$ cat target34.pdb   # PDB, C-alpha atoms and all ligand atoms
ATOM      1  CA  MET A 769       1.374  -9.203   6.230  1.00  0.00           C
ATOM      2  CA  ASN A 770       4.165 -10.490   4.094  1.00  0.00           C
ATOM      3  CA  ILE A 771       6.058  -7.440   2.922  1.00  0.00           C
ATOM      4  CA  SER A 772       8.333  -9.575   0.778  1.00  0.00           C
ATOM      5  CA  ALA A 773       5.358 -10.276  -1.455  1.00  0.00           C
ATOM      6  CA  THR A 774       5.207  -6.610  -2.390  1.00  0.00           C
ATOM      7  CA  GLN A 775       6.109  -6.209  -6.007  1.00  0.00           C
ATOM      8  CA  ALA A 776       9.817  -5.668  -6.412  1.00  0.00           C
ATOM      9  CA  ALA A 777      10.976  -2.860  -8.630  1.00  0.00           C
ATOM     10  CA  THR A 778      13.209  -4.948 -10.834  1.00  0.00           C
ATOM     11  CA  GLU A 779      11.621  -3.551 -13.992  1.00  0.00           C
ATOM     12  CA  THR A 780      11.923   0.070 -12.999  1.00  0.00           C
ATOM     13  CA  ALA A 781      15.378   0.435 -14.498  1.00  0.00           C
ATOM     14  CA  HIS A 782      13.479   0.757 -17.759  1.00  0.00           C
ATOM     15  CA  HIS A 783      11.117   3.268 -16.169  1.00  0.00           C
ATOM     16  CA  GLU A 784       8.178   1.372 -17.514  1.00  0.00           C
ATOM     17  CA  CYS A 785       5.314   0.245 -15.313  1.00  0.00           C
ATOM     18  CA  PRO A 786       5.248  -3.593 -15.197  1.00  0.00           C
ATOM     19  CA  GLN A 787       1.555  -3.338 -14.388  1.00  0.00           C
ATOM     20  CA  CYS A 788       0.240  -1.232 -17.287  1.00  0.00           C
ATOM     21  CA  GLY A 789       3.251  -0.385 -19.465  1.00  0.00           C
ATOM     22  CA  SER A 790       3.074   3.342 -18.830  1.00  0.00           C
ATOM     23  CA  THR A 791       6.367   5.252 -18.742  1.00  0.00           C
ATOM     24  CA  ALA A 792       4.919   7.922 -16.453  1.00  0.00           C
ATOM     25  CA  LEU A 793       6.754   6.650 -13.398  1.00  0.00           C
ATOM     26  CA  ARG A 794       7.880   9.194 -10.866  1.00  0.00           C
ATOM     27  CA  GLU A 795       9.870   8.975  -7.648  1.00  0.00           C
ATOM     28  CA  GLU A 796       7.814   9.831  -4.613  1.00  0.00           C
ATOM     29  CA  LYS A 797       7.842   9.434  -0.861  1.00  0.00           C
ATOM     30  CA  VAL A 798       4.763   7.414  -0.013  1.00  0.00           C
ATOM     31  CA  LYS A 799       3.089   6.168   3.120  1.00  0.00           C
ATOM     32  CA  SER A 800       1.867   2.658   3.631  1.00  0.00           C
ATOM     33  CA  SER A 801       0.034   0.791   6.366  1.00  0.00           C
ATOM     34  CA  PHE A 802       1.006  -2.533   7.846  1.00  0.00           C
ATOM     35  CA  TRP A 803      -0.738  -4.937  10.171  1.00  0.00           C
ATOM     36  CA  HIS A 804       1.453  -6.150  12.986  1.00  0.00           C
ATOM     37  CA  GLY A 805      -0.734  -8.636  14.811  1.00  0.00           C
ATOM     38  CA  ASP A 806      -3.766  -6.599  15.873  1.00  0.00           C
ATOM     39  CA  ARG A 807      -1.954  -3.294  15.522  1.00  0.00           C
ATOM     40  CA  LEU A 808      -2.210  -1.163  12.445  1.00  0.00           C
ATOM     41  CA  VAL A 809       0.833   0.995  11.866  1.00  0.00           C
ATOM     42  CA  VAL A 810       1.695   3.534   9.211  1.00  0.00           C
ATOM     43  CA  VAL A 811       5.144   4.106   7.749  1.00  0.00           C
ATOM     44  CA  GLU A 812       5.665   7.322   5.806  1.00  0.00           C
ATOM     45  CA  ASP A 813       8.507   8.782   3.756  1.00  0.00           C
ATOM     46  CA  ILE A 814       9.008   5.467   1.942  1.00  0.00           C
ATOM     47  CA  PRO A 815      10.845   6.016  -1.349  1.00  0.00           C
ATOM     48  CA  ALA A 816       8.881   4.489  -4.217  1.00  0.00           C
ATOM     49  CA  LEU A 817       8.303   4.719  -7.923  1.00  0.00           C
ATOM     50  CA  VAL A 818       4.664   5.531  -8.528  1.00  0.00           C
ATOM     51  CA  CYS A 819       2.916   4.945 -11.838  1.00  0.00           C
ATOM     52  CA  GLY A 820       1.094   8.049 -13.023  1.00  0.00           C
ATOM     53  CA  ARG A 821      -1.439   5.976 -14.960  1.00  0.00           C
ATOM     54  CA  CYS A 822      -2.461   3.060 -12.737  1.00  0.00           C
ATOM     55  CA  GLY A 823      -1.100   4.288  -9.403  1.00  0.00           C
ATOM     56  CA  GLU A 824       0.857   1.107  -8.735  1.00  0.00           C
ATOM     57  CA  ARG A 825       3.814   1.597  -6.416  1.00  0.00           C
ATOM     58  CA  PHE A 826       7.148  -0.115  -6.781  1.00  0.00           C
ATOM     59  CA  TYR A 827       9.828  -0.395  -4.135  1.00  0.00           C
ATOM     60  CA  ASP A 828      13.428  -1.370  -4.654  1.00  0.00           C
ATOM     61  CA  ASP A 829      14.897  -4.389  -2.863  1.00  0.00           C
ATOM     62  CA  ALA A 830      16.741  -2.294  -0.255  1.00  0.00           C
ATOM     63  CA  THR A 831      13.500  -0.560   0.684  1.00  0.00           C
ATOM     64  CA  ILE A 832      11.618  -3.853   0.972  1.00  0.00           C
ATOM     65  CA  THR A 833      14.409  -5.259   3.152  1.00  0.00           C
ATOM     66  CA  ALA A 834      14.317  -2.188   5.391  1.00  0.00           C
ATOM     67  CA  LEU A 835      10.540  -2.474   5.754  1.00  0.00           C
ATOM     68  CA  ASP A 836      10.918  -6.154   6.600  1.00  0.00           C
ATOM     69  CA  LEU A 837      13.419  -5.233   9.320  1.00  0.00           C
ATOM     70  CA  MET A 838      11.038  -2.626  10.730  1.00  0.00           C
ATOM     71  CA  HIS A 839       8.243  -5.201  10.700  1.00  0.00           C
ATOM     72  CA  GLY A 840      10.508  -7.757  12.370  1.00  0.00           C
ATOM     73  CA  GLY A 841      11.399  -5.165  14.995  1.00  0.00           C
ATOM     74  CA  GLY A 842       7.743  -4.973  15.962  1.00  0.00           C
ATOM     75  CA  PHE A 843       7.246  -1.252  15.323  1.00  0.00           C
ATOM     76  CA  PRO A 844       7.915  -0.246  18.973  1.00  0.00           C
ATOM     77  CA  ALA A 845       5.485   2.483  20.039  1.00  0.00           C
ATOM     78  CA  GLY A 846       8.329   4.538  21.508  1.00  0.00           C
ATOM     79  CA  GLU A 847       9.849   4.979  18.059  1.00  0.00           C
ATOM     80  CA  ALA A 848       6.653   6.269  16.466  1.00  0.00           C
ATOM     81  CA  LYS A 849       6.925   9.777  15.092  1.00  0.00           C
ATOM     82  CA  ARG A 850       3.313  10.535  15.923  1.00  0.00           C
ATOM     83  CA  GLU A 851      -0.006   8.778  16.305  1.00  0.00           C
ATOM     84  CA  MET A 852      -3.372   9.045  14.630  1.00  0.00           C
ATOM     85  CA  HIS A 853      -6.830   7.755  15.422  1.00  0.00           C
ATOM     86  CA  VAL A 854      -8.302   5.437  12.828  1.00  0.00           C
ATOM     87  CA  PRO A 855     -12.077   5.141  12.327  1.00  0.00           C
ATOM     88  CA  ILE A 856     -13.239   1.562  11.938  1.00  0.00           C
ATOM     89  CA  PHE A 857     -16.372   0.667   9.995  1.00  0.00           C
ATOM     90  CA  SER A 858     -18.289  -2.567   9.790  1.00  0.00           C
ATOM     91  CA  PHE A 859     -19.350  -4.063   6.481  1.00  0.00           C
ATOM     92  CA  ALA A 860     -21.635  -6.530   8.252  1.00  0.00           C
ATOM     93  CA  HIS A 861     -24.857  -4.490   7.787  1.00  0.00           C
ATOM     94  CA  ARG A 862     -24.296  -4.125   4.041  1.00  0.00           C
ATOM     95  CA  VAL A 863     -26.755  -6.747   2.911  1.00  0.00           C
ATOM     96  CA  PRO A 864     -26.608  -7.684  -0.795  1.00  0.00           C
ATOM     97  CA  SER A 865     -30.016  -6.075  -1.531  1.00  0.00           C
ATOM     98  CA  GLU A 866     -28.503  -2.660  -0.822  1.00  0.00           C
ATOM     99  CA  LEU A 867     -25.847  -3.219  -3.440  1.00  0.00           C
ATOM    100  CA  ALA A 868     -28.158  -4.657  -6.090  1.00  0.00           C
ATOM    101  CA  PRO A 869     -29.463  -1.324  -7.536  1.00  0.00           C
ATOM    102  CA  LEU A 870     -25.968  -0.621  -8.887  1.00  0.00           C
ATOM    103  CA  GLN A 871     -26.485  -3.383 -11.439  1.00  0.00           C
ATOM    104  CA  GLU A 872     -29.938  -2.325 -12.628  1.00  0.00           C
ATOM    105  CA  GLU A 873     -28.836   0.630 -14.720  1.00  0.00           C
ATOM    106  CA  GLU A 874     -29.500  -1.062 -18.063  1.00  0.00           C
ATOM    107  CA  THR A 875     -33.289  -1.319 -17.769  1.00  0.00           C
TER     108      THR A 875
HETATM  109 ZN    ZN B 901       1.019   1.524 -14.292  1.00  0.00          ZN
END

$ encode --input "target34.pdb" --output "structure tokens"
Amino acid sequence: MNISATQAATETAHHECPQCGSTALREEKVKSSFWHGDRLVVVEDIPALVCGRCGERFYDDATITALDLMHGGGFPAGEAKREMHVPIFSFAHRVPSELAPLQEEET
């Protein structure tokens, strides 16, 4: 995953969501997941501005740089605060006919 592609918080000085225009931005500590090769890791306590309307998160440049450094460091298992088990589901059996009824509401 390319963390640098995460939306930078350059607009947040105005405290207006670049995504939806809402001014209901609040500072929060969020968690986010990252793929590192075949490993899925979670980073928590990330400072972010979170939009109260659309839920979009915005990180400042220093935070994005720090996350990039963590990613570049390979998220060594010995530095993990704790671990969790993640259930994995397959979408393969979801044939289109099972999804079709959702679009037949109008009749
Ligand atoms: Zn928004």

$ residues_near_ligand --input "target34.pdb" --ligand "ligand ZN 901 (chain B)" --cutoff "9 Å" --atoms "all atoms listed in the file" --output "ChimeraX atom specification"
/A:784-793,818-825

$ closest_residue --input "target34.pdb" --among "A:Gly840, A:Asp829, A:Glu795, A:Ser800" --to "A:Pro815" --atoms "only C-alpha atoms"
A:Glu795

$ atom_distance --input "target34.pdb" --atom1 "atom CA of A:Val798" --atom2 "atom CA of A:Ala816"
6.6 Å

$ closest_residue --input "target34.pdb" --among "A:Ile814, A:Val809, A:Ile856, A:Ala848" --to "A:Leu835" --atoms "all atoms listed in the file"
A:Ile814

$ axis_aligned_box --input "target34.pdb" --around "stretch 811-830 of chain A" --padding-each-side "4 Å" --output "JSON"
{"center_x": 7.1, "center_y": 2.2, "center_z": -3.6, "size_x": 27.2, "size_y": 21.2, "size_z": 30.7}

$ atom_distance --input "target34.pdb" --atom1 "atom CA of A:Asp828" --atom2 "atom CA of A:Leu808"
23.2 Å

$ atom_distance --input "target34.pdb" --atom1 "atom CA of A:Glu812" --atom2 "atom CA of A:Ser858"
26.2 Å

$ build_atoms --input "target34.pdb" --residues "stretch 822-854 of chain A" --atoms "N, CA and C atoms" --output "CSV table (one decimal), in the frame of the given file"
chain,number,residue,atom,x,y,z
A,822,CYS,N,-1.7,4.0,-13.5
A,822,CYS,CA,-2.5,3.1,-12.7
A,822,CYS,C,-2.3,3.2,-11.2
A,823,GLY,N,-1.3,4.0,-10.8
A,823,GLY,CA,-1.1,4.3,-9.4
A,823,GLY,C,-0.3,3.2,-8.7
A,824,GLU,N,0.1,2.2,-9.4
A,824,GLU,CA,0.9,1.1,-8.7
A,824,GLU,C,2.2,1.7,-8.2
A,825,ARG,N,2.6,1.2,-7.0
A,825,ARG,CA,3.8,1.6,-6.4
A,825,ARG,C,4.8,0.5,-6.5
A,826,PHE,N,6.1,0.9,-6.7
A,826,PHE,CA,7.1,-0.1,-6.8
A,826,PHE,C,8.3,0.3,-5.9
A,827,TYR,N,8.7,-0.7,-5.1
A,827,TYR,CA,9.8,-0.4,-4.1
A,827,TYR,C,11.1,-1.2,-4.6
A,828,ASP,N,12.2,-0.6,-4.3
A,828,ASP,CA,13.4,-1.4,-4.7
A,828,ASP,C,13.7,-2.4,-3.5
A,829,ASP,N,14.6,-3.3,-3.8
A,829,ASP,CA,14.9,-4.4,-2.9
A,829,ASP,C,15.4,-3.9,-1.5
A,830,ALA,N,16.2,-2.8,-1.5
A,830,ALA,CA,16.7,-2.3,-0.3
A,830,ALA,C,15.6,-1.7,0.6
A,831,THR,N,14.6,-1.1,-0.1
A,831,THR,CA,13.5,-0.6,0.7
A,831,THR,C,12.6,-1.7,1.3
A,832,ILE,N,12.4,-2.7,0.5
A,832,ILE,CA,11.6,-3.9,1.0
A,832,ILE,C,12.3,-4.5,2.2
A,833,THR,N,13.7,-4.7,2.1
A,833,THR,CA,14.4,-5.3,3.2
A,833,THR,C,14.3,-4.4,4.4
A,834,ALA,N,14.4,-3.1,4.2
A,834,ALA,CA,14.3,-2.2,5.4
A,834,ALA,C,12.9,-2.3,6.0
A,835,LEU,N,11.9,-2.4,5.2
A,835,LEU,CA,10.5,-2.5,5.8
A,835,LEU,C,10.4,-3.8,6.5
A,836,ASP,N,11.0,-4.8,5.9
A,836,ASP,CA,10.9,-6.2,6.6
A,836,ASP,C,11.6,-6.1,8.0
A,837,LEU,N,12.7,-5.4,8.0
A,837,LEU,CA,13.4,-5.2,9.3
A,837,LEU,C,12.6,-4.5,10.3
A,838,MET,N,11.9,-3.4,9.8
A,838,MET,CA,11.0,-2.6,10.7
A,838,MET,C,9.9,-3.5,11.2
A,839,HIS,N,9.3,-4.3,10.3
A,839,HIS,CA,8.2,-5.2,10.7
A,839,HIS,C,8.7,-6.2,11.7
A,840,GLY,N,9.9,-6.8,11.5
A,840,GLY,CA,10.5,-7.8,12.4
A,840,GLY,C,10.8,-7.2,13.7
A,841,GLY,N,11.1,-5.8,13.7
A,841,GLY,CA,11.4,-5.2,15.0
A,841,GLY,C,10.2,-4.9,15.8
A,842,GLY,N,9.0,-5.1,15.2
A,842,GLY,CA,7.7,-5.0,16.0
A,842,GLY,C,7.2,-3.6,16.1
A,843,PHE,N,7.7,-2.6,15.3
A,843,PHE,CA,7.2,-1.3,15.3
A,843,PHE,C,7.0,-0.8,16.8
A,844,PRO,N,8.1,-0.7,17.6
A,844,PRO,CA,7.9,-0.2,19.0
A,844,PRO,C,7.3,1.1,19.1
A,845,ALA,N,6.3,1.2,19.9
A,845,ALA,CA,5.5,2.5,20.0
A,845,ALA,C,6.4,3.7,20.4
A,846,GLY,N,7.5,3.4,21.1
A,846,GLY,CA,8.3,4.5,21.5
A,846,GLY,C,9.1,5.2,20.3
A,847,GLU,N,9.1,4.4,19.2
A,847,GLU,CA,9.8,5.0,18.1
A,847,GLU,C,8.9,5.7,17.1
A,848,ALA,N,7.6,5.6,17.4
A,848,ALA,CA,6.7,6.3,16.5
A,848,ALA,C,6.8,7.8,16.5
A,849,LYS,N,6.8,8.3,15.3
A,849,LYS,CA,6.9,9.8,15.1
A,849,LYS,C,5.7,10.5,15.7
A,850,ARG,N,4.6,10.0,15.4
A,850,ARG,CA,3.3,10.5,15.9
A,850,ARG,C,2.3,9.5,15.8
A,851,GLU,N,1.1,9.8,16.3
A,851,GLU,CA,0.0,8.8,16.3
A,851,GLU,C,-1.2,9.4,15.7
A,852,MET,N,-2.1,8.6,15.1
A,852,MET,CA,-3.4,9.0,14.6
A,852,MET,C,-4.5,8.1,15.0
A,853,HIS,N,-5.7,8.6,15.1
A,853,HIS,CA,-6.8,7.8,15.4
A,853,HIS,C,-7.4,7.3,14.1
A,854,VAL,N,-7.8,6.0,14.1
A,854,VAL,CA,-8.3,5.4,12.8
A,854,VAL,C,-9.8,5.0,13.0
